[in-house]
>>> print(open('protein-v7.csv').read())   # CSV, C-alpha atoms
chain,number,residue,atom,x,y,z
W,1,MET,CA,0.0,0.0,0.0
W,2,LEU,CA,2.9,2.4,0.6
W,3,PRO,CA,3.3,3.4,-3.1
W,4,LEU,CA,-0.2,4.8,-3.1
W,5,PHE,CA,0.9,7.4,-0.5
W,6,ALA,CA,4.4,8.0,-1.9
W,7,VAL,CA,3.4,9.0,-5.4
W,8,SER,CA,2.3,12.7,-5.8
W,9,PRO,CA,0.3,14.0,-8.7
W,10,PRO,CA,2.4,15.7,-11.4
W,11,ALA,CA,3.0,19.5,-11.2
W,12,PRO,CA,4.2,22.1,-13.6
W,13,ARG,CA,7.9,22.7,-14.1
W,14,PRO,CA,9.5,26.1,-13.4
W,15,GLY,CA,8.2,28.6,-16.0
W,16,GLU,CA,5.2,26.5,-16.9
W,17,LEU,CA,1.5,27.2,-16.3
W,18,TRP,CA,-1.3,24.7,-16.1
W,19,LEU,CA,-4.7,26.4,-16.5
W,20,THR,CA,-8.0,24.6,-16.1
W,21,VAL,CA,-11.5,26.2,-16.8
W,22,LEU,CA,-13.7,24.0,-14.7
W,23,ASP,CA,-17.2,23.0,-15.8
W,24,VAL,CA,-19.4,24.6,-13.2
W,25,GLY,CA,-22.4,25.1,-15.3
W,26,GLN,CA,-23.6,28.7,-15.8
W,27,GLY,CA,-20.8,30.4,-13.9
W,28,LEU,CA,-17.0,30.5,-13.7
W,29,ALA,CA,-14.1,28.9,-11.9
W,30,VAL,CA,-10.5,28.8,-13.2
W,31,VAL,CA,-7.5,27.1,-11.5
W,32,ALA,CA,-4.0,28.4,-12.5
W,33,ARG,CA,-1.0,26.4,-11.2
W,34,THR,CA,2.7,27.0,-11.3
W,35,THR,CA,5.4,24.8,-9.8
W,36,ALA,CA,4.7,25.7,-6.2
W,37,HIS,CA,1.7,28.0,-6.3
W,38,THR,CA,-2.0,27.8,-7.1
W,39,LEU,CA,-4.5,30.5,-7.9
W,40,LEU,CA,-8.3,30.1,-8.0
W,41,TYR,CA,-10.1,32.7,-10.1
W,42,ASP,CA,-13.8,32.7,-9.1
W,43,THR,CA,-15.7,30.0,-7.3
W,44,GLY,CA,-18.7,29.2,-9.6
W,45,PRO,CA,-22.4,29.4,-8.7
W,46,VAL,CA,-24.4,28.4,-5.7
W,47,TRP,CA,-27.5,26.2,-6.2
W,48,SER,CA,-29.0,25.9,-2.8
W,49,ALA,CA,-28.2,26.2,0.9
W,50,GLN,CA,-26.7,22.7,0.8
W,51,ALA,CA,-25.0,22.8,-2.6
W,52,ASP,CA,-22.6,25.0,-4.5
W,53,SER,CA,-19.8,24.5,-7.0
W,54,GLY,CA,-17.1,25.1,-4.3
W,55,SER,CA,-18.0,22.0,-2.4
W,56,ARG,CA,-19.3,19.9,-5.3
W,57,ILE,CA,-16.7,20.7,-8.0
W,58,ILE,CA,-13.8,22.9,-7.0
W,59,LEU,CA,-12.6,21.2,-3.8
W,60,PRO,CA,-12.8,17.7,-5.2
W,61,TYR,CA,-10.8,18.8,-8.2
W,62,LEU,CA,-8.1,20.5,-6.1
W,63,ARG,CA,-7.8,17.5,-3.8
W,64,GLY,CA,-7.5,15.2,-6.8
W,65,GLU,CA,-4.6,17.4,-8.2
W,66,GLY,CA,-2.8,17.3,-4.8
W,67,VAL,CA,-3.5,20.9,-4.0
W,68,GLY,CA,-3.9,21.5,-0.3
W,69,ARG,CA,-3.6,25.2,-0.2
W,70,LEU,CA,-4.5,28.2,-2.3
W,71,ASP,CA,-1.8,30.9,-2.5
W,72,MET,CA,-4.5,33.3,-3.9
W,73,LEU,CA,-8.2,33.2,-4.3
W,74,ALA,CA,-9.6,35.9,-6.6
W,75,VAL,CA,-13.3,36.8,-6.7
W,76,SER,CA,-13.7,38.8,-9.9
W,77,HIS,CA,-17.0,40.4,-8.8
W,78,GLU,CA,-20.0,39.9,-6.6
W,79,ASP,CA,-22.4,37.9,-8.9
W,80,LYS,CA,-23.5,34.6,-7.5
W,81,ASP,CA,-22.4,32.6,-10.5
W,82,HIS,CA,-18.8,33.8,-9.8
W,83,ALA,CA,-18.8,34.0,-6.0
W,84,GLY,CA,-21.3,31.3,-5.1
W,85,GLY,CA,-18.8,28.7,-3.9
W,86,LEU,CA,-16.6,31.2,-2.0
W,87,ALA,CA,-17.7,30.3,1.6
W,88,SER,CA,-17.3,26.5,0.9
W,89,VAL,CA,-13.7,26.9,-0.4
W,90,LEU,CA,-12.7,29.3,2.4
W,91,ALA,CA,-14.1,26.9,5.0
W,92,ALA,CA,-12.3,23.9,3.7
W,93,MET,CA,-8.9,25.1,2.4
W,94,ALA,CA,-6.2,27.5,3.6
W,95,VAL,CA,-5.9,30.6,1.5
W,96,GLY,CA,-2.9,32.9,1.5
W,97,GLN,CA,-4.5,36.0,-0.1
W,98,LEU,CA,-8.1,36.9,-0.9
W,99,VAL,CA,-8.3,39.3,-3.7
W,100,SER,CA,-11.4,40.9,-5.1
W,101,SER,CA,-13.2,43.9,-6.5
W,102,VAL,CA,-16.0,43.2,-3.9
W,103,PRO,CA,-16.1,45.7,-1.0
W,104,ALA,CA,-14.5,44.1,2.1
W,105,GLU,CA,-17.7,44.4,4.2
W,106,ARG,CA,-19.5,42.1,1.8
W,107,LEU,CA,-16.9,39.3,1.9
W,108,PRO,CA,-16.6,36.7,4.7
W,109,ALA,CA,-14.6,38.1,7.5
W,110,GLY,CA,-11.6,36.5,9.2
W,111,THR,CA,-11.3,33.7,6.6
W,112,ALA,CA,-8.0,34.7,5.0
W,113,PRO,CA,-4.9,36.5,6.3
W,114,TYR,CA,-5.6,39.6,4.4
W,115,ARG,CA,-7.6,40.9,1.5
W,116,LEU,CA,-6.3,43.0,-1.4
W,117,PRO,CA,-8.2,44.8,-4.1
W,118,CYS,CA,-7.3,43.7,-7.7
W,119,PHE,CA,-6.3,47.2,-8.7
W,120,ALA,CA,-4.8,47.7,-12.1
W,121,GLY,CA,-1.0,47.7,-12.2
W,122,ARG,CA,-0.4,45.2,-9.4
W,123,GLU,CA,1.9,42.4,-10.6
W,124,TRP,CA,3.9,39.5,-9.2
W,125,GLU,CA,5.8,36.4,-10.3
W,126,TRP,CA,5.5,32.8,-9.3
W,127,ASP,CA,8.0,30.2,-10.4
W,128,GLY,CA,8.9,32.1,-13.5
W,129,VAL,CA,5.3,32.9,-14.5
W,130,LYS,CA,4.2,36.5,-14.5
W,131,PHE,CA,0.8,37.8,-13.3
W,132,LYS,CA,-0.7,41.3,-13.6
W,133,TRP,CA,-4.0,42.9,-12.8
W,134,LEU,CA,-5.2,45.1,-15.7
W,135,HIS,CA,-8.6,46.2,-14.3
W,136,PRO,CA,-10.3,47.8,-12.4
W,137,GLY,CA,-8.5,51.1,-12.1
W,138,ALA,CA,-9.5,54.3,-10.5
W,139,ASP,CA,-12.2,54.9,-13.1
W,140,ALA,CA,-14.1,51.6,-12.5
W,141,PRO,CA,-16.8,53.0,-10.3
W,142,GLN,CA,-17.8,55.5,-13.1
W,143,LEU,CA,-18.0,52.8,-15.8
W,144,SER,CA,-21.2,51.4,-14.6
W,145,LYS,CA,-23.4,50.8,-11.5
W,146,ARG,CA,-23.3,47.1,-12.4
W,147,THR,CA,-20.6,45.0,-10.7
W,148,ASN,CA,-19.8,43.3,-14.0
W,149,GLU,CA,-17.8,46.4,-15.2
W,150,ALA,CA,-15.6,46.2,-12.1
W,151,SER,CA,-14.6,42.6,-12.7
W,152,CYS,CA,-11.0,41.8,-11.9
W,153,VAL,CA,-9.1,41.3,-15.2
W,154,LEU,CA,-5.9,39.2,-15.0
W,155,ARG,CA,-3.1,38.7,-17.6
W,156,ILE,CA,-0.8,35.7,-17.1
W,157,GLU,CA,2.4,35.2,-19.1
W,158,ALA,CA,4.3,31.9,-19.0
W,159,ALA,CA,6.6,29.7,-21.1
W,160,GLY,CA,4.6,28.8,-24.2
W,161,GLY,CA,2.0,31.6,-24.2
W,162,SER,CA,-0.3,34.0,-22.4
W,163,VAL,CA,-3.8,34.1,-20.9
W,164,LEU,CA,-6.4,36.8,-20.3
W,165,LEU,CA,-9.0,36.2,-17.7
W,166,ALA,CA,-11.7,38.8,-18.3
W,167,GLY,CA,-14.5,38.0,-15.8
W,168,ASP,CA,-17.8,39.6,-16.7
W,169,ILE,CA,-16.5,42.9,-18.1
W,170,GLU,CA,-18.8,44.6,-20.6
W,171,LYS,CA,-18.4,47.2,-23.3
W,172,GLY,CA,-17.5,50.1,-21.0
W,173,ALA,CA,-14.6,48.2,-19.4
W,174,GLU,CA,-13.4,46.8,-22.7
W,175,GLN,CA,-13.3,50.3,-24.2
W,176,ALA,CA,-11.4,51.6,-21.1
W,177,LEU,CA,-8.8,48.9,-21.5
W,178,LEU,CA,-8.4,49.6,-25.2
W,179,GLN,CA,-8.0,53.4,-24.6
W,180,GLN,CA,-5.4,52.7,-21.9
W,181,GLY,CA,-3.4,50.5,-24.2
W,182,LYS,CA,-3.6,47.6,-21.8
W,183,LEU,CA,-4.8,44.9,-24.2
W,184,GLN,CA,-2.3,42.6,-26.0
W,185,ARG,CA,-2.7,39.5,-28.0
W,186,ALA,CA,-3.3,36.4,-25.8
W,187,ASP,CA,-3.1,32.8,-26.7
W,188,VAL,CA,-6.0,32.0,-24.4
W,189,LEU,CA,-8.9,34.3,-23.7
W,190,LEU,CA,-11.6,33.5,-21.2
W,191,VAL,CA,-14.4,35.2,-23.1
W,192,PRO,CA,-16.0,38.0,-21.1
W,193,HIS,CA,-19.4,37.5,-19.6
W,194,HIS,CA,-20.0,34.0,-20.9
W,195,GLY,CA,-20.4,35.3,-24.5
W,196,SER,CA,-23.1,37.8,-23.7
W,197,GLY,CA,-24.2,40.4,-26.2
W,198,THR,CA,-23.0,43.1,-23.8
W,199,SER,CA,-19.4,42.1,-24.2
W,200,SER,CA,-16.8,41.0,-26.8
W,201,THR,CA,-17.0,44.2,-28.9
W,202,PRO,CA,-15.3,43.7,-32.3
W,203,ALA,CA,-12.5,46.1,-31.3
W,204,PHE,CA,-11.8,44.0,-28.1
W,205,VAL,CA,-11.8,40.8,-30.0
W,206,ALA,CA,-9.4,42.2,-32.6
W,207,ALA,CA,-7.0,43.6,-30.0
W,208,VAL,CA,-6.8,40.3,-28.1
W,209,ALA,CA,-6.9,38.0,-31.2
W,210,PRO,CA,-6.9,34.8,-29.1
W,211,ARG,CA,-5.7,31.5,-30.5
W,212,HIS,CA,-8.2,29.9,-28.1
W,213,ALA,CA,-11.5,31.4,-26.9
W,214,VAL,CA,-13.1,29.7,-23.9
W,215,PHE,CA,-16.8,30.1,-23.2
W,216,SER,CA,-17.8,29.1,-19.6
W,217,VAL,CA,-21.5,28.4,-20.0
W,218,GLY,CA,-24.2,26.1,-18.6
W,219,TYR,CA,-26.0,23.6,-20.8
W,220,ARG,CA,-29.1,25.2,-22.3
W,221,ASN,CA,-28.8,28.2,-20.0
W,222,ARG,CA,-31.7,30.6,-19.7
W,223,PHE,CA,-29.6,33.5,-20.9
W,224,GLY,CA,-28.8,32.0,-24.3
W,225,HIS,CA,-25.1,32.3,-23.8
W,226,PRO,CA,-23.1,32.4,-25.9
W,227,ARG,CA,-25.0,34.5,-28.3
W,228,THR,CA,-24.6,33.5,-31.9
W,229,ASP,CA,-23.2,36.8,-33.1
W,230,VAL,CA,-20.7,36.8,-30.3
W,231,TRP,CA,-19.7,33.2,-31.0
W,232,ASP,CA,-19.2,34.2,-34.6
W,233,ARG,CA,-16.8,37.0,-33.7
W,234,TYR,CA,-14.3,34.4,-32.5
W,235,ALA,CA,-14.4,32.5,-35.8
W,236,ASN,CA,-10.7,32.9,-36.2
W,237,SER,CA,-10.0,31.3,-32.8
W,238,ALA,CA,-10.3,27.7,-31.7
W,239,ARG,CA,-13.5,27.9,-29.7
W,240,GLN,CA,-14.0,25.9,-26.5
W,241,ARG,CA,-17.2,25.7,-24.4
W,242,THR,CA,-17.6,24.0,-21.1
W,243,ASP,CA,-21.2,22.9,-21.8
W,244,ARG,CA,-20.0,20.8,-24.7
W,245,ASP,CA,-16.3,20.0,-23.8
W,246,GLY,CA,-16.5,19.8,-20.0
W,247,ALA,CA,-13.5,21.2,-18.2
W,248,VAL,CA,-10.9,22.7,-20.6
W,249,SER,CA,-7.2,22.4,-19.6
W,250,PHE,CA,-4.3,24.3,-21.1
W,251,ARG,CA,-0.6,23.5,-20.5
W,252,PHE,CA,1.9,26.2,-21.3
W,253,THR,CA,5.4,24.7,-21.6
W,254,ALA,CA,8.6,25.6,-23.3
W,255,ALA,CA,7.5,23.3,-26.1
W,256,GLY,CA,4.3,25.3,-26.7
W,257,LEU,CA,0.7,25.1,-25.8
W,258,SER,CA,-1.5,22.1,-25.5
W,259,VAL,CA,-5.2,21.8,-24.8
W,260,GLU,CA,-7.4,18.9,-23.4
W,261,HIS,CA,-11.1,18.5,-23.1
W,262,GLU,CA,-12.4,16.5,-20.1
W,263,ARG,CA,-15.2,14.9,-22.1
W,264,GLN,CA,-12.8,13.7,-24.7
W,265,LEU,CA,-10.4,12.3,-22.2
W,266,ARG,CA,-13.1,10.5,-20.1
W,267,ALA,CA,-16.1,10.0,-22.3
W,268,ARG,CA,-19.2,8.5,-20.7
W,269,TYR,CA,-21.7,6.2,-22.4
W,270,TRP,CA,-24.5,8.8,-21.9
W,271,GLN,CA,-22.6,11.2,-24.1
W,272,GLU,CA,-23.2,8.9,-27.1
W,273,ARG,CA,-19.5,8.6,-27.8
>>> encode(input="protein-v7.csv", output="structure tokens")
Amino acid sequence: MLPLFAVSPPAPRPGELWLTVLDVGQGLAVVARTTAHTLLYDTGPVWSAQADSGSRIILPYLRGEGVGRLDMLAVSHEDKDHAGGLASVLAAMAVGQLVSSVPAERLPAGTAPYRLPCFAGREWEWDGVKFKWLHPGADAPQLSKRTNEASCVLRIEAAGGSVLLAGDIEKGAEQALLQQGKLQRADVLLVPHHGSGTSSTPAFVAAVAPRHAVFSVGYRNRFGHPRTDVWDRYANSARQRTDRDGAVSFRFTAAGLSVEHERQLRARYWQER
């Protein structure tokens, strides 16, 4: 029995990034791993007082990957499909930093050593991988009364490529990022606001020009995400969607970028494959 406890799950090498967009239904949860650090960006939706994506999806995934601690937990904004699993994750796992655009008084108190806003310009490096917050800046409160426009936007650069996590930003925030010259091409884009018609303006799509565009959406969701016209704007990208592909994983290595779909790796008989 000893080998069962002696073998650890694989981990990224220095300079590498492993990024997984989890299938949490109509919501968002992304895990970014470097050699010795893990970041969770958003915690998916809550379904009832007894069930949320934190306890049902995120924590089992992290444990299966051998992750026992989060160096950073980022809550992009206050919507329940992004922050619904927060309490479950905080209750079950140690967190180094809690980062968010949500006001401190509306976040669980005393559950992380300290909380930082995700203000534009803050950057750091883990194991040779660079992270930088691009939004919100000082102008965020004027963009909109909706919390979507204040979503934390994160750029990650690693060996083999780059990622842009855009939360639920809409046209106003996209325009602000364009005017400030903060948008660069990215190999992987987490499509803003699940492919809503309020986001992914043509100018934004052209500026980011992603090789891979990931739509985190629920099967037959009531919002109709992604909208057909928005889906079509990403025709030059390899388009992934969690309702069809399940969890989507990207590995950025010195050899390049690879992508895996959970439902292709572990097909089930009820998927008719």
>>> closest_residue(input="protein-v7.csv", among="W:Pro45, W:Thr38, W:Arg220, W:Val21", to="Leu189 of chain W", atoms="all atoms listed in the file")
W:Val21
>>> axis_aligned_box(input="protein-v7.csv", around="segment 190-208 of chain W", padding_each_side="3 Å", output="AutoDock Vina command-line options")
--center_x -15.5 --center_y 39.8 --center_z -26.1 --size_x 23.4 --size_y 18.6 --size_z 19.0
>>> residues_around(input="protein-v7.csv", residues="segment 95-97 of chain W", least_positions_apart="4", cutoff="12 Å", atoms="only C-alpha atoms", output="list in words")
His37, Thr38, Leu39, Leu40, Tyr41, Val67, Gly68, Arg69, Leu70, Asp71, Met72, Leu73, Ala74, Val75, Leu86, Ala87, Val89, Leu90, Ala91, Gly110, Thr111, Ala112, Pro113, Tyr114, Arg115, Leu116, Pro117 and Cys118 of chain W
>>> residues_around(input="protein-v7.csv", residues="His261 of chain W", least_positions_apart="5", cutoff="7 Å", atoms="all atoms listed in the file", output="list in words")
Asp245, Gly246, Ala247, Val248 and Ser249 of chain W
>>> atom_distance(input="protein-v7.csv", atom1="atom CA of Glu262 of chain W", atom2="atom CA of Ala207 of chain W")
29.4 Å
>>> residues_around(input="protein-v7.csv", residues="segment 237-244 of chain W", least_positions_apart="2", cutoff="8 Å", atoms="all atoms listed in the file", output="PDB file with C-alpha atoms, in the frame of the given file")
ATOM      1  CA  VAL W  21     -11.500  26.200 -16.800  1.00  0.00           C
ATOM      2  CA  LEU W  22     -13.700  24.000 -14.700  1.00  0.00           C
ATOM      3  CA  ASP W  23     -17.200  23.000 -15.800  1.00  0.00           C
ATOM      4  CA  GLY W  25     -22.400  25.100 -15.300  1.00  0.00           C
ATOM      5  CA  ALA W 209      -6.900  38.000 -31.200  1.00  0.00           C
ATOM      6  CA  PRO W 210      -6.900  34.800 -29.100  1.00  0.00           C
ATOM      7  CA  ARG W 211      -5.700  31.500 -30.500  1.00  0.00           C
ATOM      8  CA  HIS W 212      -8.200  29.900 -28.100  1.00  0.00           C
ATOM      9  CA  ALA W 213     -11.500  31.400 -26.900  1.00  0.00           C
ATOM     10  CA  VAL W 214     -13.100  29.700 -23.900  1.00  0.00           C
ATOM     11  CA  PHE W 215     -16.800  30.100 -23.200  1.00  0.00           C
ATOM     12  CA  SER W 216     -17.800  29.100 -19.600  1.00  0.00           C
ATOM     13  CA  VAL W 217     -21.500  28.400 -20.000  1.00  0.00           C
ATOM     14  CA  GLY W 218     -24.200  26.100 -18.600  1.00  0.00           C
ATOM     15  CA  TYR W 219     -26.000  23.600 -20.800  1.00  0.00           C
ATOM     16  CA  TYR W 234     -14.300  34.400 -32.500  1.00  0.00           C
ATOM     17  CA  ALA W 235     -14.400  32.500 -35.800  1.00  0.00           C
ATOM     18  CA  GLY W 246     -16.500  19.800 -20.000  1.00  0.00           C
ATOM     19  CA  ALA W 247     -13.500  21.200 -18.200  1.00  0.00           C
ATOM     20  CA  VAL W 248     -10.900  22.700 -20.600  1.00  0.00           C
TER      21      VAL W 248
END
>>> residues_near_point(input="protein-v7.csv", point="(-16.3, 22.2, 3.5)", cutoff="12 Å", atoms="only C-alpha atoms", output="list of chain:residue names")
W:Gln50, W:Ala51, W:Asp52, W:Ser53, W:Gly54, W:Ser55, W:Arg56, W:Ile57, W:Ile58, W:Leu59, W:Pro60, W:Gly85, W:Leu86, W:Ala87, W:Ser88, W:Val89, W:Leu90, W:Ala91, W:Ala92, W:Met93, W:Ala94
>>> atom_distance(input="protein-v7.csv", atom1="atom CA of Thr20 of chain W", atom2="atom CA of Ser258 of chain W")
11.7 Å
>>> atom_distance(input="protein-v7.csv", atom1="atom CA of Lys171 of chain W", atom2="atom CA of Asp79 of chain W")
17.6 Å
>>> closest_residue(input="protein-v7.csv", among="W:Val30, W:Val99, W:Val191, W:Val163", to="Arg227 of chain W", atoms="all atoms listed in the file")
W:Val191
>>> residues_around(input="protein-v7.csv", residues="Thr198 of chain W", least_positions_apart="5", cutoff="10 Å", atoms="all atoms listed in the file", output="CSV table (one decimal) with C-alpha atoms, in the frame of the given file")
chain,number,residue,atom,x,y,z
W,168,ASP,CA,-17.8,39.6,-16.7
W,169,ILE,CA,-16.5,42.9,-18.1
W,170,GLU,CA,-18.8,44.6,-20.6
W,171,LYS,CA,-18.4,47.2,-23.3
W,172,GLY,CA,-17.5,50.1,-21.0
W,192,PRO,CA,-16.0,38.0,-21.1
W,193,HIS,CA,-19.4,37.5,-19.6
W,227,ARG,CA,-25.0,34.5,-28.3
W,230,VAL,CA,-20.7,36.8,-30.3
>>> decode(input="protein-v7.csv", residues="segment 168-206 of chain W", atoms="C-alpha atoms", output="mmCIF file, in the first residue's frame")
data_model
loop_
_atom_site.group_PDB
_atom_site.id
_atom_site.type_symbol
_atom_site.label_atom_id
_atom_site.label_comp_id
_atom_site.auth_asym_id
_atom_site.auth_seq_id
_atom_site.Cartn_x
_atom_site.Cartn_y
_atom_site.Cartn_z
ATOM 1 C CA ASP W 168 -17.768 39.621 -16.729
ATOM 2 C CA ILE W 169 -16.512 42.934 -18.111
ATOM 3 C CA GLU W 170 -18.796 44.604 -20.620
ATOM 4 C CA LYS W 171 -18.429 47.212 -23.343
ATOM 5 C CA GLY W 172 -17.459 50.071 -21.024
ATOM 6 C CA ALA W 173 -14.571 48.237 -19.391
ATOM 7 C CA GLU W 174 -13.431 46.829 -22.734
ATOM 8 C CA GLN W 175 -13.313 50.344 -24.163
ATOM 9 C CA ALA W 176 -11.386 51.614 -21.137
ATOM 10 C CA LEU W 177 -8.797 48.859 -21.521
ATOM 11 C CA LEU W 178 -8.437 49.650 -25.205
ATOM 12 C CA GLN W 179 -8.019 53.392 -24.597
ATOM 13 C CA GLN W 180 -5.426 52.735 -21.895
ATOM 14 C CA GLY W 181 -3.437 50.476 -24.231
ATOM 15 C CA LYS W 182 -3.567 47.553 -21.810
ATOM 16 C CA LEU W 183 -4.801 44.911 -24.222
ATOM 17 C CA GLN W 184 -2.305 42.650 -25.955
ATOM 18 C CA ARG W 185 -2.703 39.501 -27.969
ATOM 19 C CA ALA W 186 -3.317 36.435 -25.835
ATOM 20 C CA ASP W 187 -3.059 32.766 -26.658
ATOM 21 C CA VAL W 188 -6.033 31.951 -24.426
ATOM 22 C CA LEU W 189 -8.945 34.271 -23.666
ATOM 23 C CA LEU W 190 -11.633 33.550 -21.151
ATOM 24 C CA VAL W 191 -14.433 35.185 -23.142
ATOM 25 C CA PRO W 192 -15.996 38.029 -21.129
ATOM 26 C CA HIS W 193 -19.428 37.530 -19.559
ATOM 27 C CA HIS W 194 -19.951 34.016 -20.937
ATOM 28 C CA GLY W 195 -20.408 35.280 -24.501
ATOM 29 C CA SER W 196 -23.101 37.815 -23.651
ATOM 30 C CA GLY W 197 -24.196 40.433 -26.172
ATOM 31 C CA THR W 198 -23.015 43.142 -23.770
ATOM 32 C CA SER W 199 -19.360 42.125 -24.190
ATOM 33 C CA SER W 200 -16.785 41.032 -26.796
ATOM 34 C CA THR W 201 -16.973 44.152 -28.942
ATOM 35 C CA PRO W 202 -15.270 43.735 -32.338
ATOM 36 C CA ALA W 203 -12.473 46.090 -31.264
ATOM 37 C CA PHE W 204 -11.810 44.041 -28.118
ATOM 38 C CA VAL W 205 -11.759 40.752 -30.034
ATOM 39 C CA ALA W 206 -9.400 42.222 -32.630
#
